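structure.txt follows (compact mmCIF, C-alpha atoms):
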```
# COMPACT_ATOMS: atom_id res chain seq x y z
CA MET F 95 114.61 13.54 136.44
CA PRO F 96 112.21 13.80 139.41
CA VAL F 97 108.91 15.46 138.79
CA ARG F 98 109.08 17.85 141.73
CA PRO F 99 112.21 19.76 140.62
CA ILE F 100 110.62 20.22 137.23
CA LEU F 101 107.45 21.59 138.78
CA GLU F 102 109.46 24.00 140.90
CA ARG F 103 111.34 25.33 137.91
CA ILE F 104 108.68 25.09 135.28
CA SER F 105 108.16 28.79 135.06
CA ASP F 106 111.74 29.41 134.05
CA PRO F 107 112.45 28.32 130.48
CA LEU F 108 116.17 28.90 130.89
CA ILE F 109 116.24 26.34 133.67
CA LEU F 110 114.26 23.99 131.49
CA LEU F 111 116.95 24.32 128.88
CA HIS F 112 119.57 23.58 131.49
CA SER F 113 117.62 20.43 132.30
CA GLY F 114 118.23 19.13 128.83
CA MET F 115 114.77 19.88 127.47
CA LYS F 116 114.11 21.77 124.27
CA LEU F 117 111.66 24.59 123.96
CA LEU F 118 109.07 23.96 121.31
CA ARG F 119 108.78 26.75 118.78
CA SER F 120 106.57 27.13 115.81
CA ALA F 121 108.23 27.85 112.49
CA SER F 122 107.82 31.57 112.80
CA GLY F 123 105.49 32.12 115.71
CA PRO F 124 106.07 32.88 119.34
CA ARG F 125 107.53 30.55 121.82
CA VAL F 126 105.13 27.94 123.20
CA PRO F 127 104.46 28.57 126.91
CA PRO F 128 106.42 26.23 129.18
CA GLY F 129 103.30 24.79 130.81
CA CYS F 130 101.87 23.64 127.49
CA PHE F 131 105.22 22.25 126.51
CA LEU F 132 105.06 19.87 129.45
CA LEU F 133 101.51 18.68 128.89
CA PRO F 134 102.45 15.53 126.98
CA LEU F 135 104.78 14.53 129.80
CA LEU F 136 102.79 15.54 132.84
CA VAL F 137 99.15 14.91 132.28
CA LEU F 138 98.08 16.29 135.64
CA LEU F 139 99.81 19.61 135.14
CA PRO F 140 97.24 22.26 134.32
CA CYS F 141 97.91 24.56 131.41
CA ALA F 142 98.18 27.50 133.78
CA SER F 143 100.11 29.81 131.41
CA ALA F 144 97.40 29.75 128.73
CA ALA F 145 94.73 31.10 131.02
CA THR F 146 93.28 34.39 129.83
CA GLY F 147 91.56 37.24 131.63
CA SER F 148 90.11 40.59 130.77
CA THR F 149 89.77 43.91 132.42
CA THR F 150 88.61 47.34 131.37
CA GLN F 151 90.30 50.70 131.37
CA THR F 152 88.29 53.91 131.15
CA LEU F 153 89.92 56.49 128.93
CA THR F 154 88.73 60.06 129.43
CA ALA F 155 89.66 62.96 127.20
CA THR F 156 88.47 66.46 127.96
CA ILE F 157 88.37 68.44 124.73
CA GLN F 158 88.89 72.10 125.52
CA PRO F 159 88.06 75.08 123.36
CA ALA F 160 91.09 76.13 121.40
CA ALA F 161 92.07 78.62 118.72
CA LYS F 162 95.18 79.46 116.75
CA LEU F 163 95.89 81.66 113.78
CA SER F 164 98.52 82.36 111.20
CA VAL F 165 99.20 85.71 109.56
CA PRO F 166 101.73 86.78 106.92
CA ALA F 167 104.73 88.51 108.41
CA ALA F 168 104.44 91.57 106.21
CA VAL F 169 102.17 93.20 103.67
CA ASN F 170 102.81 96.22 101.48
CA MET F 171 100.13 98.77 100.76
CA THR F 172 100.03 100.21 97.28
CA THR F 173 97.90 102.60 95.31
CA THR F 174 96.51 101.56 91.97
CA GLY F 175 94.05 104.34 91.37
CA GLY F 176 94.47 107.94 90.38
CA LYS F 177 96.32 110.74 92.09
CA PHE F 178 96.02 110.61 95.86
CA SER F 179 93.79 107.57 95.77
CA SER F 180 93.94 105.42 98.87
CA PHE F 181 96.65 102.86 99.52
CA GLN F 182 95.23 99.35 99.55
CA ALA F 183 96.33 95.94 100.78
CA SER F 184 94.71 92.57 101.37
CA LEU F 185 95.80 90.27 104.15
CA ALA F 186 94.77 86.61 104.28
CA ILE F 187 94.55 85.15 107.76
CA ARG F 188 94.22 81.44 108.45
CA TYR F 189 92.88 80.06 111.68
CA ARG F 190 91.78 76.89 113.43
CA VAL F 191 89.23 77.04 116.18
CA ARG F 192 87.00 74.92 118.39
CA THR F 193 84.36 76.45 120.62
CA SER F 194 82.16 74.86 123.26
CA VAL F 195 78.43 74.55 122.81
CA THR F 196 77.89 77.45 125.18
CA GLY F 197 80.92 79.47 124.25
CA GLY F 198 82.17 81.33 121.26
CA GLY F 199 85.24 83.02 119.96
CA SER F 200 86.64 86.04 118.27
CA LEU F 201 89.44 87.15 116.00
CA THR F 202 90.49 90.74 116.52
CA VAL F 203 93.17 93.15 115.39
CA GLN F 204 94.96 96.05 117.00
CA VAL F 205 97.63 98.40 115.77
CA THR F 206 100.32 97.74 118.34
CA SER F 207 102.86 100.03 116.75
CA ASP F 208 101.65 103.02 114.78
CA PHE F 209 103.14 104.08 111.47
CA SER F 210 106.64 105.35 111.73
CA PRO F 211 108.55 107.51 111.13
CA SER F 212 106.40 110.45 112.13
CA GLY F 213 105.02 112.83 109.57
CA GLY F 214 102.98 110.27 107.73
CA PRO F 215 99.78 108.32 108.26
CA SER F 216 98.58 107.62 111.77
CA ALA F 217 96.38 104.75 112.78
CA GLY F 218 95.90 106.52 116.09
CA ALA F 219 94.24 109.32 114.16
CA GLY F 220 91.90 106.86 112.47
CA ALA F 221 93.59 106.73 109.09
CA LEU F 222 93.75 102.96 108.74
CA LEU F 223 90.46 101.37 107.72
CA TYR F 224 89.60 97.78 106.90
CA SER F 225 86.79 95.47 105.93
CA CYS F 226 86.52 91.71 106.22
CA SER F 227 85.49 89.18 103.58
CA GLY F 228 85.79 85.56 102.57
CA THR F 229 85.24 84.11 106.02
CA THR F 230 84.97 80.32 105.96
CA LEU F 231 83.92 79.97 109.59
CA GLY F 232 82.21 82.64 111.64
CA THR F 233 80.83 86.05 110.83
CA PRO F 234 83.11 88.69 109.28
CA CYS F 235 83.24 92.21 110.66
CA MET F 236 80.49 94.49 109.50
CA GLY F 237 81.15 97.30 107.04
CA THR F 238 84.23 99.45 107.39
CA GLN F 239 86.18 99.29 110.62
CA VAL F 240 88.80 101.64 111.97
CA ALA F 241 91.96 99.88 113.10
CA GLY F 242 92.91 101.55 116.32
CA THR F 243 95.90 101.68 118.59
CA HIS F 244 94.00 101.59 121.87
CA ALA F 245 91.69 98.61 121.49
CA GLN F 246 91.17 95.40 119.60
CA THR F 247 88.61 95.70 116.84
CA PRO F 248 86.62 92.81 115.36
CA VAL F 249 87.63 90.70 112.39
CA VAL F 250 85.60 87.51 112.83
CA ALA F 251 82.97 86.53 115.38
CA ILE F 252 83.03 82.79 115.96
CA PRO F 253 79.81 81.18 117.16
CA ALA F 254 79.36 78.48 119.79
CA GLY F 255 79.78 74.81 118.99
CA VAL F 256 81.89 75.06 115.88
CA CYS F 257 85.20 73.59 114.90
CA THR F 258 87.64 73.63 112.06
CA GLY F 259 87.93 70.87 109.54
CA GLY F 260 86.53 67.41 109.03
CA GLY F 261 83.11 68.34 107.79
CA GLY F 262 79.94 67.32 109.56
CA ALA F 263 79.53 69.45 112.62
CA CYS F 264 82.83 71.09 111.81
CA SER F 265 83.72 73.20 108.81
CA SER F 266 84.85 71.53 105.63
CA ALA F 267 87.69 74.02 105.29
CA ASP F 268 90.90 73.40 107.18
CA PRO F 269 92.28 75.79 108.09
CA ASN F 270 89.61 78.43 108.01
CA GLY F 271 90.34 81.79 106.52
CA VAL F 272 89.36 85.42 106.31
CA THR F 273 90.64 88.25 104.15
CA ILE F 274 91.15 91.71 105.55
CA ASN F 275 91.12 94.55 103.06
CA PHE F 276 93.04 97.55 104.37
CA SER F 277 92.65 101.08 103.11
CA LEU F 278 94.79 104.06 103.97
CA ALA F 279 93.95 107.52 102.69
CA ASP F 280 96.76 109.18 100.74
CA ASP F 281 96.80 112.57 102.39
CA PRO F 282 98.94 115.14 100.55
CA ASP F 283 100.05 116.33 103.95
CA TYR F 284 102.07 113.14 104.51
CA LEU F 285 105.79 113.59 104.24
CA THR F 286 107.34 111.54 101.48
CA ALA F 287 108.85 108.48 103.15
CA ALA F 288 108.41 104.75 103.68
CA TYR F 289 106.19 104.08 106.65
CA SER F 290 105.40 100.89 108.51
CA ALA F 291 103.11 99.87 111.34
CA GLN F 292 102.70 96.66 113.28
CA LEU F 293 99.37 94.95 113.70
CA THR F 294 98.64 92.21 116.20
CA PHE F 295 95.89 89.69 115.65
CA VAL F 296 94.40 87.75 118.55
CA ILE F 297 92.13 84.74 118.35
CA SER F 298 90.30 83.28 121.33
CA ALA F 299 87.75 80.58 122.00
CA THR F 300 85.66 79.54 124.97
CA MET B 119 119.47 61.02 92.23
CA SER B 120 118.81 57.48 93.42
CA ARG B 121 115.37 56.30 94.38
CA ASN B 122 116.29 56.18 98.06
CA THR B 123 117.82 59.62 97.99
CA MET B 124 114.73 61.00 96.32
CA ILE B 125 112.46 59.38 98.91
CA VAL B 126 114.55 60.85 101.70
CA ALA B 127 114.45 64.27 100.06
CA VAL B 128 110.69 64.20 99.58
CA ALA B 129 110.17 62.98 103.13
CA GLY B 130 112.40 65.75 104.40
CA ALA B 131 110.50 68.35 102.44
CA ILE B 132 107.18 67.09 103.75
CA LEU B 133 108.53 67.10 107.28
CA MET B 134 109.82 70.62 106.84
CA LEU B 135 106.50 71.82 105.47
CA ALA B 136 104.62 70.16 108.27
CA THR B 137 106.91 71.72 110.84
CA THR B 138 106.64 75.13 109.25
CA ALA B 139 102.87 74.98 108.95
CA LYS B 140 102.51 73.98 112.56
CA ALA B 141 104.82 76.70 113.74
CA GLN B 142 102.79 79.37 111.97
CA PHE B 143 99.69 78.86 114.06
CA ASN B 144 99.60 80.65 117.37
CA ALA B 145 97.11 82.36 119.63
CA THR B 146 98.34 85.72 118.35
CA GLY B 147 100.07 86.86 115.21
CA THR B 148 101.68 90.05 114.04
CA THR B 149 102.14 91.55 110.64
CA THR B 150 104.01 94.60 109.48
CA LEU B 151 101.99 96.93 107.29
CA SER B 152 104.19 99.04 105.03
CA VAL B 153 103.42 101.91 102.72
CA ASN B 154 105.71 104.03 100.60
CA VAL B 155 104.48 107.62 100.36
CA GLY B 156 106.00 109.40 97.39
CA SER B 157 105.66 112.76 95.73
CA ASP B 158 102.41 113.32 93.92
CA ALA B 159 100.27 116.11 92.55
CA ALA B 160 96.82 116.65 91.09
CA VAL B 161 94.82 119.61 89.87
CA GLN B 162 91.13 120.00 89.24
CA ILE B 163 89.53 122.92 87.43
CA SER B 164 86.61 124.00 89.52
CA THR B 165 84.60 125.34 86.66
CA GLY B 166 83.85 123.55 83.44
CA SER B 167 84.35 126.65 81.32
CA THR B 168 85.35 130.22 81.82
CA THR B 169 83.53 133.06 80.13
CA LEU B 170 85.46 136.18 79.24
CA ALA B 171 83.40 139.35 79.19
CA THR B 172 83.88 143.06 78.94
CA THR B 173 82.21 145.36 81.41
CA GLY B 174 83.21 148.77 80.14
CA GLY B 175 82.09 150.90 77.22
CA ALA B 176 82.91 150.31 73.60
CA PHE B 177 86.48 149.02 73.38
CA SER B 178 87.28 150.75 76.66
CA SER B 179 88.11 147.58 78.47
CA ASP B 180 89.41 144.14 77.62
CA TYR B 181 87.60 140.85 78.10
CA THR B 182 88.25 139.41 81.51
CA GLY B 183 87.41 136.25 83.39
CA GLN B 184 88.69 133.95 86.06
CA THR B 185 89.41 130.24 86.17
CA ALA B 186 89.48 128.66 89.63
CA PHE B 187 91.19 125.41 90.43
CA ILE B 188 92.00 123.15 93.35
CA TYR B 189 95.38 121.55 93.64
CA LYS B 190 96.84 118.77 95.75
CA ILE B 191 100.55 118.36 95.99
CA ARG B 192 103.24 116.63 97.95
CA THR B 193 106.86 117.17 97.04
CA SER B 194 109.87 115.32 98.36
CA ALA B 195 111.16 116.40 101.72
CA ALA B 196 114.68 116.74 100.41
CA GLY B 197 115.24 118.57 97.14
CA GLY B 198 111.64 118.32 96.05
CA THR B 199 110.06 120.66 93.54
CA GLY B 200 106.72 121.19 91.92
CA SER B 201 104.92 123.42 89.47
CA ILE B 202 101.63 124.31 87.88
CA THR B 203 101.75 125.49 84.31
CA LEU B 204 99.26 126.24 81.59
CA ARG B 205 99.31 126.17 77.85
CA VAL B 206 96.80 127.12 75.18
CA THR B 207 96.30 123.78 73.50
CA SER B 208 93.59 124.93 71.11
CA ASP B 209 93.53 128.48 69.79
CA PHE B 210 90.42 130.58 69.31
CA ASN B 211 88.53 129.83 66.17
CA ALA B 212 89.26 131.98 63.12
CA GLY B 213 88.04 135.53 62.70
CA GLY B 214 88.45 136.61 66.27
CA PRO B 215 91.15 136.72 68.88
CA SER B 216 94.15 134.50 68.39
CA VAL B 217 96.99 133.49 70.62
CA ALA B 218 99.16 132.33 67.77
CA SER B 219 98.32 134.99 65.18
CA PRO B 220 96.59 138.02 66.70
CA PRO B 221 95.10 140.44 64.16
CA THR B 222 97.02 143.26 65.76
CA ALA B 223 100.49 142.97 67.22
CA GLY B 224 100.25 143.27 70.97
CA ASP B 225 96.88 141.56 71.27
CA THR B 226 97.33 138.97 73.96
CA LEU B 227 95.66 136.47 76.18
CA ALA B 228 97.34 137.30 79.46
CA TYR B 229 96.81 136.15 83.00
CA THR B 230 97.77 136.75 86.58
CA CYS B 231 97.85 134.12 89.31
CA SER B 232 96.49 133.81 92.81
CA LEU B 233 97.40 130.85 94.98
CA THR B 234 97.18 129.78 98.57
CA SER B 235 100.19 128.29 100.33
CA PRO B 236 102.22 126.16 99.95
CA GLY B 237 102.54 127.28 96.34
CA THR B 238 103.88 130.56 95.08
CA GLY B 239 101.82 132.13 92.31
CA CYS B 240 103.29 133.49 89.15
CA SER B 241 104.61 137.01 89.28
CA GLY B 242 102.94 139.80 87.33
CA SER B 243 101.08 139.34 84.07
CA ILE B 244 102.08 136.53 81.76
CA ASN B 245 101.08 135.99 78.16
CA ALA B 246 99.58 132.57 77.51
CA LEU B 247 101.19 130.75 74.62
CA LEU B 248 100.30 128.07 72.15
CA THR B 249 103.85 126.99 71.71
CA ALA B 250 105.00 126.57 75.29
CA SER B 251 103.81 126.16 78.83
CA THR B 252 103.96 129.15 81.11
CA SER B 253 104.12 129.28 84.88
CA VAL B 254 101.14 129.47 87.19
CA ALA B 255 102.79 128.39 90.44
CA THR B 256 105.94 126.88 91.83
CA PHE B 257 106.58 124.70 94.87
CA GLY B 258 109.65 124.03 96.92
CA SER B 259 110.68 120.93 98.79
CA ASN B 260 108.33 119.36 101.30
CA ALA B 261 105.36 121.29 99.94
CA ARG B 262 102.13 119.66 101.06
CA SER B 263 98.60 120.76 100.43
CA THR B 264 95.64 119.90 102.58
CA LYS B 265 93.79 116.64 102.09
CA ALA B 266 90.87 118.47 100.46
CA GLY B 267 93.22 120.46 98.29
CA ASN B 268 94.21 124.11 98.18
CA ASN B 269 92.72 126.84 96.04
CA GLY B 270 94.19 128.79 93.19
CA SER B 271 92.95 130.88 90.33
CA VAL B 272 94.01 132.52 87.10
CA ALA B 273 92.59 135.90 86.12
CA TRP B 274 92.43 136.29 82.33
CA THR B 275 92.65 139.37 80.22
CA LEU B 276 92.00 139.15 76.48
CA SER B 277 92.63 142.15 74.32
CA ASN B 278 89.46 143.74 72.89
CA ASP B 279 90.40 144.46 69.32
CA PRO B 280 87.85 146.03 66.91
CA LEU B 281 89.26 143.78 64.24
CA TYR B 282 87.67 140.78 65.82
CA ALA B 283 84.65 139.67 63.86
CA THR B 284 81.55 139.37 65.95
CA GLY B 285 80.97 135.86 67.17
CA ALA B 286 81.55 133.41 69.99
CA TYR B 287 85.12 132.18 70.23
CA THR B 288 86.55 129.43 72.33
CA ALA B 289 90.03 128.25 73.16
CA THR B 290 91.25 125.39 75.27
CA VAL B 291 93.80 125.91 78.01
CA THR B 292 95.46 122.93 79.69
CA PHE B 293 96.75 123.15 83.24
CA THR B 294 99.50 120.77 84.29
CA ILE B 295 100.76 120.13 87.79
CA SER B 296 103.86 118.13 88.65
CA ALA B 297 105.78 117.18 91.73
CA ALA B 298 109.08 115.54 92.42
```

Whole structure, structure tokens version:
Amino acid sequence: MPVRPILERISDPLILLHSGMKLLRSASGPRVPPGCFLLPLLVLLPCASAATGSTTQTLTATIQPAAKLSVPAAVNMTTTGGKFSSFQASLAIRYRVRTSVTGGGSLTVQVTSDFSPSGGPSAGAGALLYSCSGTTLGTPCMGTQVAGTHAQTPVVAIPAGVCTGGGGACSSADPNGVTINFSLADDPDYLTAAYSAQLTFVISAT
Amino acid sequence: MSRNTMIVAVAGAILMLATTAKAQFNATGTTTLSVNVGSDAAVQISTGSTTLATTGGAFSSDYTGQTAFIYKIRTSAAGGTGSITLRVTSDFNAGGPSVASPPTAGDTLAYTCSLTSPGTGCSGSINALLTASTSVATFGSNARSTKAGNNGSVAWTLSNDPLYATGAYTATVTFTISAA
């Protein structure tokens, strides 16, 4: 077979097969490049297919502040003390957060739907109190807070440059957590009934 | 269960848990806070002890005194009831007045009641008993006191019988409040 047709078709292994040549294969490895295959036959043919090169690719990731939380869907307040002692409940909130070195974050709560039916306790009247404890990242709310219907009130203040999980610069806990201890006075003036209210928690980070 | 089936089941459970855990985290979260407010009642005697004294001349007047109390109550809105009762749980010591065995028939420890709403005080004079509770106040349905409690009192009258030996005598009276 003339050399020129082989050179013209050398890049196509299928055509090489059609020319009656066999591709060399290792026992289990990849196929040997066609150029190398021809080296014993055509000494002047450079091993063009084995040439290697390198280039670089810059990968950029912008890590933004982020925050998410998880709260139980429902919690029941009960009284364990004496007559007309306050109703109590504890609510464990889990959260993950990352703040920038100049930013910060917060976890707040608001009563978005007051106790119903009417005739019972009213968060709008300041009946629902809470305190915060067990925070694994950030600063819990100070003392006793009043959960209101008109504004978010603090649960956790998250400082700048912190993150959840992994240890080191971040917290060792993952997720982070805080416990809110609710207290509702048992006023004799409440009508006997089952009451419920809805609370919305919001977490943010910058 | 075969090994493969078990592996698939465990993998499925892990996947489900991972999916659930991820889905729980959001920028906001809501929770429903529930409380069941039932009927309840409490009473507190405002004074630790009540002294009965006579103010008139010799045997011209009985011993009298007053016991004040504060009550809190909440009865059911539908068909609720409540009551305050009292009972002499420890009679006067021997030689003097006695609720159970007065030296003279007709000697009594009697009382009248005064009560602020929502309760209704007992009517007229009632003899306190050792053997049974007697009424101080009654409450209807949906009776609710103030948060601080409402006031009530019992005015005592103890017969002044010359047969009583001189001395200091004490008895214990127990007040009970209930609500339904």

Exercise: stretch 213-218 of chain B partners within 7 Å, all atoms listed in the file, chain neighbours under 4 positions left out, as a VMD selection string
chain B and resid 209 226 to 227 247 to 248 282 to 283 287

List every residue of chain F that has an atom at most 8 Å from any atom of chain B, giving for each one its closest atom pair and the distance in Å to one decimal, counting all atoms listed in the file, sorted by chain and then by ascending residue number, as a tab-separated table.
```
residue	atom	partner	partner_atom	distance
F:Ala161	CA	B:Ala145	CA	6.3
F:Lys162	CA	B:Ala145	CA	4.5
F:Leu163	CA	B:Phe143	CA	4.7
F:Ser164	CA	B:Phe143	CA	4.7
F:Val165	CA	B:Gly147	CA	5.8
F:Pro166	CA	B:Thr149	CA	6.1
F:Ala167	CA	B:Thr149	CA	4.6
F:Ala168	CA	B:Thr150	CA	4.5
F:Val169	CA	B:Leu151	CA	5.2
F:Asn170	CA	B:Ser152	CA	4.7
F:Met171	CA	B:Val153	CA	5.0
F:Thr172	CA	B:Val153	CA	6.6
F:Lys177	CA	B:Ala160	CA	6.0
F:Phe178	CA	B:Asp158	CA	7.2
F:Phe181	CA	B:Val153	CA	7.5
F:Tyr189	CA	B:Phe143	CA	7.3
F:Gly214	CA	B:Val155	CA	8.0
F:Asp280	CA	B:Val155	CA	7.9
F:Asp281	CA	B:Lys265	CA	5.1
F:Pro282	CA	B:Arg192	CA	5.2
F:Asp283	CA	B:Arg262	CA	4.9
F:Tyr284	CA	B:Val155	CA	7.3
F:Leu285	CA	B:Ala195	CA	6.6
F:Thr286	CA	B:Gly156	CA	4.8
F:Ala287	CA	B:Val155	CA	5.3
F:Ala288	CA	B:Asn154	CA	4.2
F:Tyr289	CA	B:Val153	CA	5.3
F:Ser290	CA	B:Ser152	CA	4.1
F:Ala291	CA	B:Leu151	CA	5.1
F:Gln292	CA	B:Thr150	CA	4.5
F:Leu293	CA	B:Thr149	CA	5.3
F:Thr294	CA	B:Thr148	CA	4.3
F:Phe295	CA	B:Gly147	CA	5.1
F:Val296	CA	B:Thr146	CA	4.4
F:Ile297	CA	B:Ala145	CA	5.7
F:Ser298	CA	B:Ala145	CA	7.1
```

Selection near stretch 164-171 of chain B, 9 Å with all atoms listed in the file, sequence-local residues under 4 positions removed, as a list in words:
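Counting all atoms listed in the file, the residues come to Asp180, Tyr181, Thr182, Gly183, Gln184, Thr185, Ala186, Phe187, Ile188, Trp274, Thr275 and Leu276 of chain B.
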
With only C-alpha atoms as the atoms that count, which of B:Gln162, B:Thr294, B:Thr249, B:Thr230 lies nearest to B:Val206?
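Looking only at the distances to B:Val206, the closest residue turns out to be B:Thr249.
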
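Counting from atom CA of F:Ala219, the distance to atom CA of B:Gly237 is 26.6 Å.
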
Export: stretch 222-243 of chain F, C-alpha atoms, as a compact mmCIF listing (two decimals), in the first residue's frame:
```
# COMPACT_ATOMS: atom_id res chain seq x y z
CA LEU F 222 -46.74 35.54 75.83
CA LEU F 223 -43.24 35.77 77.28
CA TYR F 224 -40.08 33.89 76.41
CA SER F 225 -36.43 33.55 77.24
CA CYS F 226 -33.60 32.05 75.21
CA SER F 227 -30.99 29.51 76.27
CA GLY F 228 -28.63 26.87 74.99
CA THR F 229 -27.36 28.85 72.02
CA THR F 230 -24.50 27.08 70.24
CA LEU F 231 -23.65 29.99 67.95
CA GLY F 232 -24.40 33.63 68.66
CA THR F 233 -25.77 35.46 71.64
CA PRO F 234 -29.18 34.48 73.05
CA CYS F 235 -31.80 37.10 73.82
CA MET F 236 -31.39 38.86 77.12
CA GLY F 237 -33.74 38.17 80.02
CA THR F 238 -37.45 37.86 79.45
CA GLN F 239 -38.85 39.01 76.13
CA VAL F 240 -42.42 39.73 75.15
CA ALA F 241 -43.48 38.00 71.95
CA GLY F 242 -45.47 40.57 70.06
CA THR F 243 -47.78 40.64 67.10
```
